[in-house]
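Just protein28.cif here, mmCIF, C-alpha atoms:
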data_input
#
loop_
_atom_site.label_atom_id
_atom_site.label_comp_id
_atom_site.auth_asym_id
_atom_site.auth_seq_id
_atom_site.Cartn_x
_atom_site.Cartn_y
_atom_site.Cartn_z
CA MET A 1 78.46 22.28 28.37
CA SER A 2 77.87 25.15 25.95
CA LYS A 3 74.54 25.35 24.19
CA LEU A 4 76.34 25.54 20.84
CA PHE A 5 78.25 22.36 21.60
CA GLU A 6 74.96 20.58 22.14
CA GLU A 7 73.67 21.99 18.85
CA LEU A 8 76.81 20.86 17.03
CA ALA A 9 76.76 17.42 18.63
CA GLY A 10 73.07 17.13 17.73
CA LEU A 11 73.64 17.71 14.01
CA ASP A 12 73.25 14.53 11.99
CA LYS A 13 76.47 14.28 9.96
CA LEU A 14 74.92 11.70 7.67
CA ILE A 15 72.37 14.27 6.47
CA HIS A 16 74.76 17.23 6.62
CA GLU A 17 76.89 15.91 3.74
CA PRO A 18 75.98 18.22 0.81
CA ALA A 19 74.74 15.63 -1.70
CA ARG A 20 72.63 13.85 0.93
CA LEU A 21 71.33 17.20 2.21
CA ALA A 22 70.12 17.91 -1.34
CA ILE A 23 68.67 14.42 -1.86
CA MET A 24 66.77 14.46 1.43
CA THR A 25 65.49 18.01 0.84
CA ALA A 26 64.30 17.02 -2.62
CA LEU A 27 62.57 13.86 -1.38
CA SER A 28 60.86 15.81 1.40
CA THR A 29 58.99 17.78 -1.26
CA CYS A 30 57.49 14.64 -2.76
CA GLN A 31 56.55 11.24 -1.41
CA SER A 32 58.42 9.15 -3.89
CA ALA A 33 60.70 9.59 -6.89
CA ASP A 34 62.38 7.49 -9.53
CA PHE A 35 66.13 6.85 -9.16
CA LEU A 36 66.78 8.41 -12.58
CA ALA A 37 64.83 11.55 -11.65
CA VAL A 38 66.95 11.98 -8.52
CA GLN A 39 70.05 11.38 -10.60
CA ARG A 40 69.02 14.04 -13.13
CA LEU A 41 68.28 16.48 -10.31
CA THR A 42 71.56 16.02 -8.49
CA GLY A 43 73.79 15.43 -11.51
CA LEU A 44 75.57 12.65 -9.59
CA THR A 45 76.85 9.53 -11.33
CA GLY A 46 74.69 6.44 -10.85
CA GLY A 47 77.35 4.82 -8.70
CA ASN A 48 77.76 7.85 -6.48
CA LEU A 49 74.04 8.26 -6.04
CA SER A 50 73.66 4.56 -5.18
CA VAL A 51 76.23 4.88 -2.39
CA HIS A 52 74.48 7.91 -0.91
CA LEU A 53 71.06 6.22 -1.14
CA SER A 54 72.35 3.05 0.52
CA LYS A 55 73.64 5.06 3.48
CA LEU A 56 70.31 6.86 3.81
CA GLU A 57 68.45 3.55 3.54
CA ASP A 58 70.65 1.93 6.20
CA ALA A 59 69.78 4.80 8.54
CA GLY A 60 66.05 4.28 7.95
CA LEU A 61 65.63 7.67 6.28
CA ILE A 62 64.50 6.37 2.88
CA THR A 63 63.34 3.12 1.33
CA LEU A 64 64.40 1.76 -2.06
CA GLU A 65 62.01 -0.42 -3.99
CA LYS A 66 62.92 -2.20 -7.21
CA GLN A 67 60.06 -2.53 -9.64
CA PHE A 68 59.70 -3.69 -13.22
CA VAL A 69 58.06 -1.22 -15.59
CA ASP A 70 57.69 -2.49 -19.16
CA LYS A 71 60.03 -5.34 -18.18
CA ARG A 72 62.75 -2.87 -17.26
CA PRO A 73 64.00 -2.53 -13.68
CA ARG A 74 63.33 0.79 -11.99
CA THR A 75 64.23 1.85 -8.48
CA GLN A 76 61.73 3.95 -6.60
CA VAL A 77 63.15 6.14 -3.84
CA GLN A 78 60.82 7.02 -1.00
CA ILE A 79 61.36 9.13 2.10
CA THR A 80 60.25 7.60 5.41
CA GLY A 81 58.46 9.44 8.21
CA GLN A 82 61.72 9.35 10.15
CA GLY A 83 63.55 10.78 7.14
CA ARG A 84 61.07 13.61 6.71
CA ARG A 85 61.34 14.55 10.37
CA ALA A 86 65.15 14.32 10.21
CA ILE A 87 65.59 16.68 7.23
CA GLU A 88 63.09 19.22 8.60
CA LYS A 89 64.88 19.11 11.95
CA HIS A 90 68.27 19.50 10.25
CA TRP A 91 67.36 22.73 8.43
CA LEU A 92 65.85 24.08 11.65
CA GLN A 93 69.04 23.19 13.54
CA LEU A 94 71.17 24.98 10.94
CA GLU A 95 68.99 28.08 11.19
CA ASN A 96 69.16 27.99 15.00
CA LEU A 97 72.92 27.44 14.99
CA ARG A 98 73.40 30.40 12.67
CA ALA A 99 71.12 32.65 14.72
CA ASP A 100 72.66 31.64 18.06
CA VAL A 101 76.23 32.05 16.85
CA GLN A 102 75.52 35.42 15.26
CA LYS A 103 74.38 36.73 18.65
CA TRP A 104 77.82 35.95 20.08
CA LYS A 105 80.00 38.73 21.45
CA PRO A 106 83.44 37.56 22.60
CA GLU A 107 84.20 38.94 26.06
CA MET B 108 75.32 19.43 -16.03
CA SER B 109 72.48 20.07 -13.61
CA LYS B 110 72.34 23.39 -11.80
CA LEU B 111 72.14 21.57 -8.48
CA PHE B 112 75.30 19.63 -9.27
CA GLU B 113 77.12 22.91 -9.81
CA GLU B 114 75.74 24.19 -6.50
CA LEU B 115 76.85 21.02 -4.70
CA ALA B 116 80.27 21.04 -6.33
CA GLY B 117 80.64 24.71 -5.41
CA LEU B 118 80.06 24.15 -1.69
CA ASP B 119 83.26 24.49 0.31
CA LYS B 120 83.48 21.25 2.33
CA LEU B 121 86.10 22.75 4.63
CA ILE B 122 83.57 25.33 5.85
CA HIS B 123 80.59 22.98 5.69
CA GLU B 124 81.89 20.80 8.55
CA PRO B 125 79.60 21.72 11.50
CA ALA B 126 82.21 22.92 14.01
CA ARG B 127 84.01 25.02 11.39
CA LEU B 128 80.67 26.37 10.14
CA ALA B 129 79.99 27.57 13.69
CA ILE B 130 83.49 28.96 14.21
CA MET B 131 83.45 30.90 10.93
CA THR B 132 79.93 32.21 11.54
CA ALA B 133 80.94 33.37 15.02
CA LEU B 134 84.12 35.07 13.77
CA SER B 135 82.17 36.80 11.01
CA THR B 136 80.22 38.70 13.69
CA CYS B 137 83.40 40.14 15.18
CA GLN B 138 86.79 41.04 13.80
CA SER B 139 88.88 39.14 16.29
CA ALA B 140 88.42 36.85 19.29
CA ASP B 141 90.51 35.13 21.90
CA PHE B 142 91.11 31.37 21.50
CA LEU B 143 89.57 30.72 24.92
CA ALA B 144 86.44 32.70 24.03
CA VAL B 145 85.98 30.61 20.87
CA GLN B 146 86.56 27.48 22.94
CA ARG B 147 83.92 28.52 25.48
CA LEU B 148 81.47 29.32 22.68
CA THR B 149 81.89 26.04 20.84
CA GLY B 150 82.46 23.77 23.83
CA LEU B 151 85.21 21.99 21.87
CA THR B 152 88.33 20.66 23.58
CA GLY B 153 91.43 22.78 23.12
CA GLY B 154 93.03 20.12 20.93
CA ASN B 155 89.98 19.76 18.73
CA LEU B 156 89.60 23.50 18.32
CA SER B 157 93.31 23.83 17.45
CA VAL B 158 92.94 21.30 14.65
CA HIS B 159 89.93 23.10 13.19
CA LEU B 160 91.65 26.50 13.43
CA SER B 161 94.80 25.17 11.75
CA LYS B 162 92.77 23.95 8.79
CA LEU B 163 91.00 27.30 8.50
CA GLU B 164 94.34 29.12 8.76
CA ASP B 165 95.92 26.92 6.08
CA ALA B 166 93.04 27.84 3.77
CA GLY B 167 93.62 31.55 4.39
CA LEU B 168 90.23 32.00 6.07
CA ILE B 169 91.56 33.08 9.47
CA THR B 170 94.83 34.20 11.01
CA LEU B 171 96.19 33.10 14.38
CA GLU B 172 98.40 35.45 16.32
CA LYS B 173 100.18 34.53 19.51
CA GLN B 174 100.54 37.36 21.98
CA PHE B 175 101.72 37.71 25.55
CA VAL B 176 99.27 39.32 27.96
CA ASP B 177 100.54 39.65 31.54
CA LYS B 178 103.38 37.32 30.53
CA ARG B 179 100.91 34.60 29.58
CA PRO B 180 100.55 33.40 26.00
CA ARG B 181 97.23 34.10 24.31
CA THR B 182 96.14 33.24 20.83
CA GLN B 183 94.05 35.76 18.95
CA VAL B 184 91.83 34.39 16.20
CA GLN B 185 90.95 36.74 13.37
CA ILE B 186 88.83 36.24 10.29
CA THR B 187 90.37 37.37 6.97
CA GLY B 188 88.53 39.20 4.20
CA GLN B 189 88.59 35.96 2.23
CA GLY B 190 87.14 34.13 5.23
CA ARG B 191 84.34 36.64 5.68
CA ARG B 192 83.37 36.39 2.03
CA ALA B 193 83.56 32.59 2.17
CA ILE B 194 81.23 32.15 5.15
CA GLU B 195 78.71 34.68 3.82
CA LYS B 196 78.77 32.90 0.45
CA HIS B 197 78.35 29.51 2.14
CA TRP B 198 75.15 30.44 3.97
CA LEU B 199 73.79 31.99 0.78
CA GLN B 200 74.63 28.81 -1.14
CA LEU B 201 72.84 26.67 1.45
CA GLU B 202 69.75 28.90 1.23
CA ASN B 203 69.82 28.74 -2.58
CA LEU B 204 70.33 24.98 -2.61
CA ARG B 205 67.38 24.51 -0.27
CA ALA B 206 65.13 26.82 -2.28
CA ASP B 207 66.10 25.30 -5.64
CA VAL B 208 65.66 21.73 -4.44
CA GLN B 209 62.30 22.46 -2.84
CA LYS B 210 60.96 23.63 -6.21
CA TRP B 211 61.73 20.20 -7.68
CA LYS B 212 58.91 18.05 -9.03
CA PRO B 213 60.03 14.61 -10.22
CA GLU B 214 58.62 13.87 -13.64
#
Show me, as structure tokens, the structure contained in the file I just sent.
Amino acid sequence: MSKLFEELAGLDKLIHEPARLAIMTALSTCQSADFLAVQRLTGLTGGNLSVHLSKLEDAGLITLEKQFVDKRPRTQVQITGQGRRAIEKHWLQLENLRADVQKWKPE
Amino acid sequence: MSKLFEELAGLDKLIHEPARLAIMTALSTCQSADFLAVQRLTGLTGGNLSVHLSKLEDAGLITLEKQFVDKRPRTQVQITGQGRRAIEKHWLQLENLRADVQKWKPE
């Protein structure tokens, strides 16, 4: 099996999706963020962002916690240890894939 | 509209798919390659690789040329100018997205 095939097969497609790649990268820079702050950052609609966050939560990469602040509901988004490792690994994998492929010379 | 949203919306999802990202990156290092060489590099099945190459060809990013070498059919895969610009832009966009998102501080 080619090394590149292993690299491709090892890429987490859940994280690779552009919006989720951005969300996970953003969350990895902070411990926790408000739903509205993530929405402002990404420019996604609330519904779209909710779908992405649910998928990330189901995979154990983030946690969502509903709180009441001044009697208004707020959702706090937090990256998990698994999520932090996953996004760091993903960027490293992309860099390695690029470097390995660029070395290629077709025979 | 947030800057990140524009960056996300501007990412070409056709190229972002991992196997096609690898194929386009590989082709950008050379002008032209044999189908079998690309197959060996990626480790994809012939059928899978054909599907990816057809999509890239339909988008004008590569050309496929069937030739006969020693009376046996061979397919030559070639990146177009548009394809070369697209893959270079894609990696730059990913780098920019990562850098921009990492500067984020949720308020």
Close residues, Ala166 of chain B itself excluded, 12 Å, only C-alpha atoms, min 4 positions apart in chain, as an NGL selection string: :B and (119-122 or 159-162 or 170 or 186-187 or 189-190 or 193)
How many Å lie between atom CA of Leu97 of chain A and atom CA of Glu7 of chain A, rounded to one decimal? 6.7 Å
Shell around Gln185 of chain B at 10 Å using all atoms listed in the file, local window under 3 positions removed, as a compact mmCIF listing (two decimals) with C-alpha atoms, keeping the file's coordinate frame:
# COMPACT_ATOMS: atom_id res chain seq x y z
CA MET B 131 83.45 30.90 10.93
CA LEU B 134 84.12 35.07 13.77
CA SER B 135 82.17 36.80 11.01
CA CYS B 137 83.40 40.14 15.18
CA GLN B 138 86.79 41.04 13.80
CA SER B 139 88.88 39.14 16.29
CA ALA B 140 88.42 36.85 19.29
CA ASP B 141 90.51 35.13 21.90
CA PHE B 142 91.11 31.37 21.50
CA GLU B 164 94.34 29.12 8.76
CA LEU B 168 90.23 32.00 6.07
CA ILE B 169 91.56 33.08 9.47
CA THR B 170 94.83 34.20 11.01
CA LEU B 171 96.19 33.10 14.38
CA GLU B 172 98.40 35.45 16.32
CA THR B 182 96.14 33.24 20.83
CA GLY B 188 88.53 39.20 4.20
CA GLY B 190 87.14 34.13 5.23
If we draw a sphere of 8 Å around (65.3, 13.2, -11.5), which residues have at least one atom in it when counting all atoms listed in the file? Please report them as an NGL selection string. (:A and (33-42)) or (:B and (213-214))
Given 5 Å of margin on each side, can you work out the centre and size in Å (one decimal) of an axis-aligned box holding every listed atom of segment 142-151 of chain B, as JSON?
{"center_x": 86.3, "center_y": 27.3, "center_z": 23.2, "size_x": 19.6, "size_y": 20.7, "size_z": 14.6}
